[in-house]
>>> print(open('final-v8.cif').read())   # mmCIF, C-alpha atoms
data_upload
loop_
_atom_site.label_atom_id
_atom_site.label_comp_id
_atom_site.auth_asym_id
_atom_site.auth_seq_id
_atom_site.Cartn_x
_atom_site.Cartn_y
_atom_site.Cartn_z
CA MET E 1 -17.88 -4.03 -16.22
CA ALA E 2 -15.83 -0.87 -16.20
CA GLY E 3 -15.23 -1.17 -12.49
CA ASN E 4 -13.04 -4.22 -13.07
CA THR E 5 -10.44 -2.51 -15.24
CA ASN E 6 -7.30 -0.75 -14.15
CA MET E 7 -7.69 2.98 -13.56
CA ALA E 8 -11.45 2.33 -13.82
CA ASP E 9 -13.75 5.18 -14.68
CA ASP E 10 -16.58 3.33 -12.86
CA PHE E 11 -19.46 5.21 -14.54
CA SER E 12 -18.31 8.49 -13.02
CA LEU E 13 -20.02 10.60 -15.70
CA SER E 14 -22.80 8.26 -16.82
CA ARG E 15 -25.68 6.21 -15.45
CA VAL E 16 -24.91 2.83 -13.92
CA PRO E 17 -26.72 0.35 -16.22
CA GLN E 18 -29.01 -2.31 -14.75
CA SER E 19 -26.55 -4.97 -15.91
CA ALA E 20 -23.94 -3.54 -13.53
CA ARG E 21 -26.22 -3.30 -10.47
CA LEU E 22 -25.31 -5.40 -7.42
CA PRO E 23 -27.21 -7.43 -4.80
CA MET E 24 -28.47 -5.36 -1.86
CA TRP E 25 -26.25 -7.08 0.69
CA GLU E 26 -23.11 -6.27 -1.29
CA VAL E 27 -23.86 -2.55 -1.42
CA MET E 28 -24.99 -2.67 2.22
CA LEU E 29 -21.67 -4.17 3.28
CA VAL E 30 -19.83 -1.22 1.75
CA ARG E 31 -22.19 1.15 3.59
CA ILE E 32 -21.73 -0.68 6.90
CA GLY E 33 -18.00 -0.46 6.36
CA ALA E 34 -18.31 3.31 6.23
CA LEU E 35 -19.98 3.31 9.66
CA THR E 36 -18.08 0.54 11.43
CA ALA E 37 -14.75 2.30 11.64
CA LEU E 38 -12.46 3.72 14.26
CA SER E 39 -13.81 7.24 13.74
CA GLN E 40 -17.30 6.03 14.67
CA PHE E 41 -15.85 4.40 17.78
CA MET E 42 -14.10 7.68 18.59
CA LEU E 43 -17.42 9.48 18.29
CA GLY E 44 -19.15 7.02 20.62
CA ALA E 45 -16.33 7.27 23.14
CA ALA E 46 -16.57 11.09 23.06
CA LEU E 47 -20.32 10.85 23.76
CA GLY E 48 -19.79 8.37 26.59
CA TYR E 49 -17.06 10.48 28.17
CA GLY E 50 -19.37 13.49 28.48
CA MET E 51 -22.86 11.96 28.76
CA THR E 52 -24.80 9.25 30.57
CA PHE E 53 -25.73 6.18 28.55
CA TRP E 54 -29.30 7.34 27.98
CA GLN E 55 -28.25 10.87 27.08
CA ALA E 56 -25.88 9.37 24.51
CA PHE E 57 -28.69 7.08 23.29
CA TRP E 58 -31.05 9.99 22.63
CA ALA E 59 -28.29 12.06 21.00
CA THR E 60 -27.60 9.09 18.74
CA MET E 61 -31.32 8.69 18.04
CA LEU E 62 -31.77 12.34 17.05
CA GLY E 63 -28.75 12.37 14.81
CA SER E 64 -29.54 8.97 13.27
CA VAL E 65 -33.16 9.81 12.37
CA LEU E 66 -31.91 12.82 10.44
CA LEU E 67 -29.23 10.75 8.74
CA GLU E 68 -31.64 7.97 7.79
CA ALA E 69 -34.24 10.35 6.34
CA VAL E 70 -31.67 12.12 4.17
CA SER E 71 -29.90 8.90 3.19
CA LEU E 72 -33.09 7.11 2.18
CA LEU E 73 -34.59 9.87 0.06
CA ILE E 74 -31.47 10.94 -1.75
CA GLY E 75 -30.41 7.29 -2.03
CA ILE E 76 -33.66 6.36 -3.78
CA ALA E 77 -33.09 9.18 -6.28
CA GLY E 78 -29.56 7.92 -6.89
CA ALA E 79 -30.75 4.33 -7.43
CA ARG E 80 -33.58 5.38 -9.73
CA GLU E 81 -31.32 7.53 -11.91
CA GLY E 82 -28.13 5.49 -11.55
CA MET E 83 -26.08 8.62 -10.83
CA SER E 84 -23.59 9.76 -8.20
CA THR E 85 -24.48 12.68 -5.93
CA SER E 86 -22.40 15.28 -7.75
CA LEU E 87 -23.74 14.21 -11.15
CA LEU E 88 -27.36 13.98 -9.97
CA ALA E 89 -27.10 17.53 -8.58
CA ARG E 90 -27.11 18.88 -12.16
CA TRP E 91 -30.81 17.97 -12.48
CA THR E 92 -31.89 18.40 -8.84
CA GLY E 93 -31.61 22.12 -8.26
CA PHE E 94 -27.99 23.03 -8.77
CA GLY E 95 -27.52 22.99 -12.55
CA ARG E 96 -24.30 22.26 -14.40
CA TYR E 97 -22.11 24.87 -12.72
CA GLY E 98 -23.88 24.59 -9.39
CA SER E 99 -23.19 20.86 -9.35
CA SER E 100 -19.51 21.65 -9.78
CA ILE E 101 -19.68 23.63 -6.53
CA ILE E 102 -21.36 20.65 -4.86
CA GLY E 103 -18.77 18.30 -6.26
CA ALA E 104 -15.97 20.52 -5.01
CA VAL E 105 -17.46 20.96 -1.52
CA ILE E 106 -18.06 17.23 -1.07
CA ALA E 107 -14.71 16.28 -2.58
CA ILE E 108 -12.76 18.73 -0.42
CA SER E 109 -14.67 17.63 2.70
CA LEU E 110 -13.90 14.00 1.95
CA ILE E 111 -10.24 14.72 1.38
CA GLY E 112 -10.35 16.14 4.91
CA TRP E 113 -11.99 12.94 6.14
CA PHE E 114 -9.40 10.93 4.27
CA GLY E 115 -6.70 12.83 6.14
CA VAL E 116 -8.41 12.24 9.50
CA GLN E 117 -8.85 8.52 8.93
CA ASN E 118 -5.40 8.06 7.47
CA SER E 119 -3.88 9.71 10.54
CA VAL E 120 -5.69 7.24 12.79
CA PHE E 121 -4.55 4.31 10.67
CA ALA E 122 -0.96 5.55 10.53
CA GLN E 123 -0.76 6.27 14.28
CA GLY E 124 -2.02 2.77 15.06
CA LEU E 125 0.41 1.16 12.65
CA ASP E 126 3.35 3.16 13.97
CA GLU E 127 2.51 2.35 17.60
CA ALA E 128 2.09 -1.33 16.77
CA LEU E 129 5.60 -1.34 15.27
CA GLY E 130 7.09 0.45 18.27
CA GLY E 131 7.63 3.71 16.43
CA ALA E 132 10.00 2.10 13.92
CA LEU E 133 8.48 3.89 10.92
CA GLY E 134 7.70 7.29 12.38
CA PHE E 135 4.34 8.97 11.77
CA PRO E 136 5.19 10.76 8.46
CA LEU E 137 6.38 7.56 6.77
CA ALA E 138 3.54 5.48 8.23
CA ALA E 139 0.94 8.03 7.03
CA SER E 140 2.50 8.08 3.57
CA LEU E 141 2.42 4.29 3.27
CA THR E 142 -1.14 3.89 4.55
CA GLY E 143 -2.44 6.73 2.38
CA LEU E 144 -0.92 5.29 -0.78
CA PHE E 145 -2.20 1.83 0.14
CA VAL E 146 -5.81 3.05 0.24
CA THR E 147 -5.30 5.08 -2.94
CA VAL E 148 -4.28 1.98 -4.87
CA ILE E 149 -7.43 0.13 -3.70
CA VAL E 150 -9.72 2.96 -4.79
CA ILE E 151 -8.17 3.29 -8.23
CA PHE E 152 -9.74 -0.07 -9.13
CA GLY E 153 -13.31 1.08 -8.40
CA PHE E 154 -16.42 0.01 -6.49
CA ARG E 155 -15.77 -3.73 -6.82
CA TRP E 156 -12.58 -3.40 -4.82
CA LEU E 157 -14.42 -1.37 -2.19
CA SER E 158 -16.76 -4.34 -1.85
CA TRP E 159 -13.92 -6.80 -1.41
CA THR E 160 -12.21 -4.76 1.29
CA ALA E 161 -15.58 -4.48 3.10
CA LYS E 162 -15.92 -8.27 3.11
CA ILE E 163 -12.62 -8.48 4.98
CA ALA E 164 -12.71 -5.42 7.25
CA VAL E 165 -16.33 -5.35 8.45
CA PRO E 166 -16.49 -8.86 10.00
CA GLY E 167 -13.13 -8.31 11.69
CA PHE E 168 -14.19 -4.98 13.18
CA ILE E 169 -17.50 -6.35 14.47
CA ALA E 170 -15.76 -9.38 16.00
CA VAL E 171 -13.27 -7.21 17.89
CA ILE E 172 -15.91 -4.77 19.17
CA GLY E 173 -18.09 -7.73 20.19
CA TYR E 174 -15.22 -9.27 22.13
CA GLY E 175 -14.42 -5.90 23.67
CA ILE E 176 -17.90 -5.38 25.11
CA TYR E 177 -17.92 -9.00 26.32
CA ALA E 178 -14.66 -8.36 28.19
CA VAL E 179 -16.06 -5.17 29.69
CA LEU E 180 -19.31 -6.76 30.83
CA LYS E 181 -17.43 -9.55 32.59
CA ASP E 182 -16.11 -7.04 35.12
CA HIS E 183 -18.81 -4.33 34.98
CA PRO E 184 -22.53 -5.16 35.23
CA LEU E 185 -24.52 -3.71 32.33
CA GLY E 186 -27.03 -2.00 34.61
CA GLU E 187 -24.23 -0.33 36.53
CA LEU E 188 -22.64 1.07 33.36
CA MET E 189 -25.97 2.31 32.00
CA ALA E 190 -26.69 4.14 35.25
CA SER E 191 -23.19 5.55 35.83
CA ALA E 192 -22.29 9.23 35.56
CA PRO E 193 -20.11 10.36 32.66
CA PRO E 194 -16.41 10.30 33.58
CA GLY E 195 -15.60 13.58 31.81
CA PRO E 196 -16.91 17.16 31.42
CA PRO E 197 -20.63 17.36 30.46
CA LEU E 198 -21.51 17.43 26.77
CA ALA E 199 -24.62 19.34 25.66
CA MET E 200 -27.35 17.38 23.85
CA SER E 201 -27.42 19.78 20.90
CA VAL E 202 -23.67 19.49 20.42
CA ALA E 203 -23.76 15.70 20.78
CA ALA E 204 -26.62 15.24 18.30
CA THR E 205 -24.84 17.50 15.83
CA MET E 206 -21.66 15.44 16.24
CA VAL E 207 -23.65 12.30 15.41
CA ALA E 208 -25.40 13.85 12.41
CA GLY E 209 -22.36 15.83 11.30
CA GLY E 210 -20.09 12.83 11.69
CA PHE E 211 -21.83 11.00 8.87
CA MET E 212 -23.78 13.76 7.14
CA VAL E 213 -21.35 13.75 4.24
CA GLY E 214 -21.91 10.00 4.10
CA ALA E 215 -25.67 10.57 3.94
CA ILE E 216 -25.35 13.12 1.13
CA ILE E 217 -23.10 10.82 -0.91
CA THR E 218 -25.46 7.85 -0.54
CA PRO E 219 -26.14 7.92 -4.33
CA ASP E 220 -22.47 7.12 -4.91
CA MET E 221 -23.34 3.69 -3.46
CA SER E 222 -27.09 3.41 -4.07
CA ARG E 223 -26.64 3.90 -7.83
CA TYR E 224 -25.56 0.25 -7.74
CA CYS E 225 -28.84 -0.81 -6.01
CA ARG E 226 -31.51 -2.52 -8.07
CA SER E 227 -34.55 -0.90 -6.45
CA GLY E 228 -35.80 1.61 -3.87
CA LYS E 229 -36.53 -1.32 -1.54
CA ASP E 230 -32.84 -2.26 -1.63
CA VAL E 231 -31.94 1.32 -0.73
CA PHE E 232 -34.32 1.23 2.26
CA TRP E 233 -32.82 -1.90 3.76
CA MET E 234 -29.27 -0.90 2.90
CA THR E 235 -29.53 2.45 4.70
CA LEU E 236 -31.62 1.23 7.66
CA ILE E 237 -29.52 -1.80 8.55
CA SER E 238 -26.25 0.10 8.19
CA THR E 239 -27.55 2.92 10.40
CA ILE E 240 -28.64 0.50 13.12
CA VAL E 241 -25.36 -1.41 13.06
CA GLY E 242 -23.09 1.62 12.73
CA GLU E 243 -24.75 4.39 14.71
CA PHE E 244 -26.52 2.47 17.47
CA GLY E 245 -24.30 -0.59 17.61
CA VAL E 246 -20.84 0.95 17.49
CA ASN E 247 -21.76 4.24 19.21
CA LEU E 248 -23.45 2.72 22.23
CA ILE E 249 -20.85 0.00 22.73
CA ALA E 250 -18.19 2.73 22.72
CA VAL E 251 -20.27 4.70 25.27
CA LEU E 252 -20.32 1.71 27.64
CA MET E 253 -16.59 1.14 27.20
CA ALA E 254 -15.82 4.79 27.91
CA HIS E 255 -17.85 4.57 31.13
CA ALA E 256 -16.15 1.33 32.17
CA ILE E 257 -12.59 2.50 31.60
CA GLY E 258 -13.15 6.21 32.36
CA THR E 259 -11.51 7.65 29.25
CA ASP E 260 -12.29 8.68 25.70
CA ASP E 261 -8.84 7.53 24.56
CA VAL E 262 -9.86 5.03 21.89
CA VAL E 263 -6.53 3.22 21.71
CA THR E 264 -6.51 2.72 25.50
CA ILE E 265 -10.06 1.37 25.42
CA ILE E 266 -9.32 -1.14 22.68
CA LEU E 267 -5.99 -2.25 24.13
CA GLN E 268 -7.53 -2.85 27.56
CA THR E 269 -10.38 -4.90 26.12
CA ALA E 270 -9.11 -6.64 22.98
CA GLY E 271 -5.32 -6.39 23.09
CA TRP E 272 -2.92 -5.52 20.29
CA LEU E 273 -4.45 -7.95 17.80
CA GLY E 274 -7.85 -6.38 18.32
CA ALA E 275 -6.38 -2.90 17.99
CA ALA E 276 -4.69 -3.87 14.75
CA ILE E 277 -7.94 -5.22 13.27
CA VAL E 278 -9.95 -2.17 14.30
CA ILE E 279 -7.34 0.21 12.95
CA PHE E 280 -7.18 -1.75 9.69
CA ALA E 281 -10.97 -1.36 9.41
CA THR E 282 -10.27 2.34 8.96
CA VAL E 283 -9.28 1.41 5.42
CA LYS E 284 -12.93 0.60 4.73
CA ILE E 285 -14.28 4.09 5.37
CA ASN E 286 -11.25 5.75 3.90
CA ASP E 287 -11.53 4.04 0.54
CA LEU E 288 -15.13 5.27 0.32
CA ASN E 289 -14.04 8.81 1.23
CA LEU E 290 -11.50 8.78 -1.55
CA TYR E 291 -13.88 7.09 -4.01
CA SER E 292 -16.62 9.71 -3.57
CA SER E 293 -14.07 12.50 -3.63
CA SER E 294 -12.83 11.24 -7.00
CA LEU E 295 -16.41 11.22 -8.34
CA GLY E 296 -16.88 14.80 -7.12
CA PHE E 297 -13.73 16.13 -8.72
CA THR E 298 -14.43 14.27 -11.97
CA ASN E 299 -17.78 16.06 -12.16
CA VAL E 300 -16.16 19.42 -11.36
CA ILE E 301 -13.71 19.12 -14.25
CA ASP E 302 -16.43 17.97 -16.64
CA SER E 303 -18.88 20.71 -15.58
CA LEU E 304 -16.43 23.60 -15.73
CA PHE E 305 -14.10 22.61 -18.55
CA ASN E 306 -16.03 19.89 -20.43
CA LYS E 307 -13.08 17.53 -19.92
CA LYS E 308 -13.80 13.90 -19.06
CA LEU E 309 -10.86 12.86 -16.93
CA ASN E 310 -10.38 9.24 -15.95
CA ARG E 311 -11.60 8.71 -12.38
CA GLY E 312 -8.64 6.47 -11.57
CA LEU E 313 -6.16 9.19 -12.48
CA VAL E 314 -8.10 11.72 -10.40
CA THR E 315 -8.00 9.24 -7.49
CA LEU E 316 -4.22 9.05 -7.67
CA VAL E 317 -3.81 12.83 -7.51
CA ILE E 318 -6.25 13.51 -4.68
CA GLY E 319 -5.03 10.45 -2.77
CA ILE E 320 -1.58 12.03 -2.64
CA ILE E 321 -3.12 15.36 -1.49
CA GLY E 322 -5.13 13.63 1.25
CA THR E 323 -2.09 11.73 2.42
CA LEU E 324 -0.18 15.00 2.72
CA LEU E 325 -3.01 16.48 4.82
CA SER E 326 -2.77 13.59 7.25
CA VAL E 327 0.99 14.04 7.56
CA LEU E 328 0.36 17.73 8.41
CA GLY E 329 -1.85 16.73 11.36
CA ILE E 330 -5.46 17.36 10.38
CA LEU E 331 -6.55 14.86 13.07
CA ASP E 332 -6.10 17.58 15.72
CA MET E 333 -9.25 19.31 14.42
CA PHE E 334 -11.43 16.17 14.52
CA VAL E 335 -14.30 17.37 16.73
CA ASN E 336 -14.45 20.87 15.25
CA PHE E 337 -14.47 19.30 11.80
CA LEU E 338 -17.49 17.16 12.73
CA VAL E 339 -19.48 20.08 14.08
CA PHE E 340 -18.66 22.25 11.07
CA LEU E 341 -19.77 19.56 8.62
CA GLY E 342 -22.98 19.23 10.61
CA VAL E 343 -24.17 22.63 9.37
CA TRP E 344 -22.37 23.03 6.02
CA ILE E 345 -23.37 19.84 4.20
CA PRO E 346 -27.08 19.20 5.10
CA PRO E 347 -28.50 22.01 2.90
CA ILE E 348 -27.20 20.20 -0.18
CA GLY E 349 -29.30 17.12 0.56
CA GLY E 350 -32.34 19.19 1.55
CA ILE E 351 -32.34 21.13 -1.72
CA MET E 352 -31.80 18.04 -3.87
CA ILE E 353 -34.62 16.14 -2.12
CA VAL E 354 -37.08 19.06 -2.44
CA ASP E 355 -36.25 19.54 -6.12
CA TYR E 356 -36.47 15.86 -7.03
CA PHE E 357 -39.47 14.73 -4.98
CA LEU E 358 -41.58 17.90 -4.52
CA LEU E 359 -40.86 20.34 -7.34
CA LYS E 360 -39.94 17.64 -9.88
CA ARG E 361 -38.54 20.28 -12.24
CA ASN E 362 -36.43 17.87 -14.30
CA ARG E 363 -38.22 14.58 -13.70
CA ALA E 364 -39.63 14.44 -17.23
CA ILE E 365 -36.27 14.73 -18.99
CA LEU E 366 -34.66 12.37 -16.46
CA GLU E 367 -37.31 9.72 -17.10
CA GLU E 368 -37.09 10.16 -20.87
CA SER E 369 -33.31 9.77 -20.93
CA ARG E 370 -33.38 6.95 -18.35
CA SER E 371 -35.20 4.67 -20.79
CA SER E 372 -32.23 4.89 -23.15
CA GLY E 373 -29.65 4.63 -20.38
CA LYS E 374 -28.17 8.03 -21.19
CA LEU E 375 -27.92 11.38 -19.42
CA PRO E 376 -30.29 14.21 -20.38
CA ASP E 377 -28.96 16.22 -23.30
CA SER E 378 -29.07 19.51 -21.40
CA SER E 379 -29.27 21.06 -17.93
CA GLU E 380 -29.62 24.57 -16.58
CA LYS E 381 -26.32 26.32 -15.99
CA MET E 382 -26.95 27.76 -12.53
CA ASN E 383 -29.92 28.40 -10.26
CA PRO E 384 -29.31 31.45 -8.03
CA ILE E 385 -32.23 30.46 -5.80
CA THR E 386 -30.33 27.30 -4.93
CA LEU E 387 -27.34 29.31 -3.73
CA LEU E 388 -29.62 31.59 -1.71
CA ALA E 389 -31.27 28.60 0.01
CA TRP E 390 -27.91 26.96 0.65
CA ALA E 391 -26.54 30.12 2.25
CA ALA E 392 -29.69 30.55 4.36
CA GLY E 393 -29.43 26.98 5.61
CA PHE E 394 -25.77 27.31 6.50
CA LEU E 395 -26.31 30.60 8.34
CA ALA E 396 -29.28 29.17 10.26
CA GLY E 397 -27.29 26.14 11.33
CA TYR E 398 -24.26 28.19 12.28
CA PHE E 399 -25.86 31.09 14.14
CA LEU E 400 -29.15 29.84 15.63
CA GLU E 401 -28.52 28.92 19.26
CA TRP E 402 -31.52 26.66 19.75
CA GLY E 403 -32.22 23.17 18.48
CA ILE E 404 -29.83 20.96 16.55
CA PRO E 405 -27.68 22.97 14.08
CA SER E 406 -27.52 20.25 11.43
CA LEU E 407 -31.31 19.87 11.50
CA ASN E 408 -31.79 23.65 11.43
CA SER E 409 -29.61 23.98 8.36
CA LEU E 410 -31.41 21.16 6.55
CA LEU E 411 -34.92 22.41 7.29
CA ILE E 412 -34.26 26.11 6.61
CA SER E 413 -32.54 25.45 3.27
CA SER E 414 -35.35 23.11 2.19
CA LEU E 415 -38.06 25.56 3.20
CA VAL E 416 -36.37 28.60 1.63
CA TYR E 417 -35.72 26.72 -1.62
CA TYR E 418 -39.28 25.42 -1.88
CA LEU E 419 -40.99 28.74 -1.10
CA VAL E 420 -38.75 30.94 -3.24
CA MET E 421 -38.95 28.54 -6.19
CA LYS E 422 -42.75 28.49 -5.91
CA PHE E 423 -42.78 32.31 -5.76
CA ALA E 424 -40.47 32.55 -8.79
CA VAL E 425 -42.70 30.24 -10.82
CA SER E 426 -45.76 32.29 -9.84
CA VAL E 427 -44.06 35.54 -10.91
CA ARG E 428 -43.08 34.03 -14.28
CA GLN E 429 -46.61 32.82 -14.91
CA ASN E 430 -48.07 36.22 -14.05
CA GLN E 431 -45.53 37.91 -16.31
CA LYS E 432 -46.48 35.62 -19.18
CA GLY E 433 -50.13 36.45 -18.58
CA LEU E 434 -49.38 40.15 -18.77
CA ASP E 435 -47.33 39.72 -21.94
CA CYS E 436 -50.23 37.96 -23.59
#
>>> encode(input="final-v8.cif", output="structure tokens")
Amino acid sequence: MAGNTNMADDFSLSRVPQSARLPMWEVMLVRIGALTALSQFMLGAALGYGMTFWQAFWATMLGSVLLEAVSLLIGIAGAREGMSTSLLARWTGFGRYGSSIIGAVIAISLIGWFGVQNSVFAQGLDEALGGALGFPLAASLTGLFVTVIVIFGFRWLSWTAKIAVPGFIAVIGYGIYAVLKDHPLGELMASAPPGPPLAMSVAATMVAGGFMVGAIITPDMSRYCRSGKDVFWMTLISTIVGEFGVNLIAVLMAHAIGTDDVVTIILQTAGWLGAAIVIFATVKINDLNLYSSSLGFTNVIDSLFNKKLNRGLVTLVIGIIGTLLSVLGILDMFVNFLVFLGVWIPPIGGIMIVDYFLLKRNRAILEESRSSGKLPDSSEKMNPITLLAWAAGFLAGYFLEWGIPSLNSLLISSLVYYLVMKFAVSVRQNQKGLDC
């Protein structure tokens, strides 16, 4: 398949054929790898530092339900059509030029995530070597290392997951075992948070925002699934393992050690070998960040300039940009970045889900072209109602002071898009009646 060749295009601007689809467990392992990473552990430690165990549990529950709903629906659409998120957006509300905006937003966000994760990886590597490399050199080496992996496509993402995921789970498992030897579970679950209180709305938004981009880009993975059933199990199992498993273990560790310093927690429970394995697992989420970013930018160039660039070449360029961002210290804005993503990205998924499953505006041409394994011959250029709904969702999530911002932005954008589209169709029909 194309994904096995150097500088692979990996079906970036076409449907993934059934012959290239993969077993559910293989796609699921890539998805779990995106959730079982140091950033997820950092999120759990932040929750545990400012909340009780049960407060952190309910914050995780609220955020995870939202993530699972979005992931499942948009993932099923991606599997059915065999398209990435940015490509699918052309026929799910955004049109050709609107999808380029989506591709750019997702790609830029993921370059930011790439910078965050690469900084974590580089800091861990530099500390493990006693500062011999220095952070700038370490970040450059780790960033280029991940870039090379991603150039070879989804198959290589799968292979890195097979190595990184088991290692990460083993270290975290040993870490909680070491903690529970000295701290009774009941005592940790009942203990007060060691740090300043964290509001439930902020915590739930951190959970949802922390992986909301991952939820929206589910089609980038699910397009390799063979059925909607595979998408269901892939998203559900990965959410349980990543959100509940990693988050809540990190909460208990933060309570036991009294800090949200992730490196300190891991070193005190699993030692330097454990820290090295966990930090290496960062590669697993970072290769997915870069992979989806390359798909987004490939769609942007094709939509705006009708130029089909090779995805591998795009990966090389943006990998260098992301590496530079990590060297410049984007990690310092980690929490603010999570909260911001929690209200900026959800409207995209809400609009796509409403258009595909409720309005079904392009389902006929998608189904017709699907039978031949090709993309539809045409798409609308831009839908201004989509931009209106997106803006409304973002503003609701950003300015409303009640509820969970990420949920507010998702619901408001979905509702505005559905109602205004229905109104627009009604007006057109009435106008046609008058013309007759």
>>> closest_residue(input="final-v8.cif", among="E:Ser19, E:Val427, E:Asn362, E:Gly373", to="Trp91 (chain E)", atoms="all atoms listed in the file")
E:Asn362
>>> resolve_selection(input="final-v8.cif", expression="the PyMOL selection byres ((chain E and resi 60-71) around 6)", output="mmCIF file with C-alpha atoms, in the frame of the given file")
data_model
loop_
_atom_site.group_PDB
_atom_site.id
_atom_site.type_symbol
_atom_site.label_atom_id
_atom_site.label_comp_id
_atom_site.auth_asym_id
_atom_site.auth_seq_id
_atom_site.Cartn_x
_atom_site.Cartn_y
_atom_site.Cartn_z
ATOM 1 C CA PHE E 57 -28.690 7.080 23.290
ATOM 2 C CA TRP E 58 -31.050 9.990 22.630
ATOM 3 C CA ALA E 59 -28.290 12.060 21.000
ATOM 4 C CA LEU E 72 -33.090 7.110 2.180
ATOM 5 C CA LEU E 73 -34.590 9.870 0.060
ATOM 6 C CA ILE E 74 -31.470 10.940 -1.750
ATOM 7 C CA GLY E 75 -30.410 7.290 -2.030
ATOM 8 C CA ALA E 204 -26.620 15.240 18.300
ATOM 9 C CA VAL E 207 -23.650 12.300 15.410
ATOM 10 C CA ALA E 208 -25.400 13.850 12.410
ATOM 11 C CA ALA E 215 -25.670 10.570 3.940
ATOM 12 C CA THR E 218 -25.460 7.850 -0.540
#
>>> atom_distance(input="final-v8.cif", atom1="CA of Pro194 (chain E)", atom2="CA of Val262 (chain E)")
14.4 Å
>>> resolve_selection(input="final-v8.cif", expression="the PyMOL selection byres ((chain E and resi 213) around 12)", output="JSON, numbers by chain")
{"E": [34, 35, 67, 70, 71, 85, 102, 103, 105, 106, 107, 108, 109, 110, 111, 112, 113, 207, 208, 209, 210, 211, 212, 214, 215, 216, 217, 218, 219, 220, 288, 289, 292, 293, 337, 338, 339, 340, 341, 342, 343, 344, 345, 346, 347, 348, 349, 406]}
>>> atom_distance(input="final-v8.cif", atom1="CA of Pro193 (chain E)", atom2="CA of Ser238 (chain E)")
27.2 Å
>>> atom_distance(input="final-v8.cif", atom1="CA of Val171 (chain E)", atom2="CA of Ala250 (chain E)")
12.1 Å
>>> decode(input="final-v8.cif", residues="region 266-286 of chain E", atoms="C-alpha atoms", output="mmCIF file, in the first residue's frame")
data_model
loop_
_atom_site.group_PDB
_atom_site.id
_atom_site.type_symbol
_atom_site.label_atom_id
_atom_site.label_comp_id
_atom_site.auth_asym_id
_atom_site.auth_seq_id
_atom_site.Cartn_x
_atom_site.Cartn_y
_atom_site.Cartn_z
ATOM 1 C CA ILE E 266 7.706 9.197 38.087
ATOM 2 C CA LEU E 267 11.226 9.262 39.505
ATOM 3 C CA GLN E 268 9.964 8.581 43.038
ATOM 4 C CA THR E 269 7.832 5.654 41.902
ATOM 5 C CA ALA E 270 9.522 4.059 38.896
ATOM 6 C CA GLY E 271 13.076 5.412 38.833
ATOM 7 C CA TRP E 272 15.086 6.656 35.874
ATOM 8 C CA LEU E 273 14.315 3.643 33.683
ATOM 9 C CA GLY E 274 10.601 4.198 34.186
ATOM 10 C CA ALA E 275 10.982 7.898 33.476
ATOM 11 C CA ALA E 276 12.859 7.141 30.274
ATOM 12 C CA ILE E 277 10.134 4.758 29.061
ATOM 13 C CA VAL E 278 7.325 7.184 29.875
ATOM 14 C CA ILE E 279 9.104 10.067 28.203
ATOM 15 C CA PHE E 280 9.802 7.921 25.139
ATOM 16 C CA ALA E 281 6.062 7.154 24.977
ATOM 17 C CA THR E 282 5.644 10.839 24.150
ATOM 18 C CA VAL E 283 6.823 9.880 20.677
ATOM 19 C CA LYS E 284 3.569 7.975 20.209
ATOM 20 C CA ILE E 285 1.259 10.963 20.567
ATOM 21 C CA ASN E 286 3.655 13.284 18.827
#
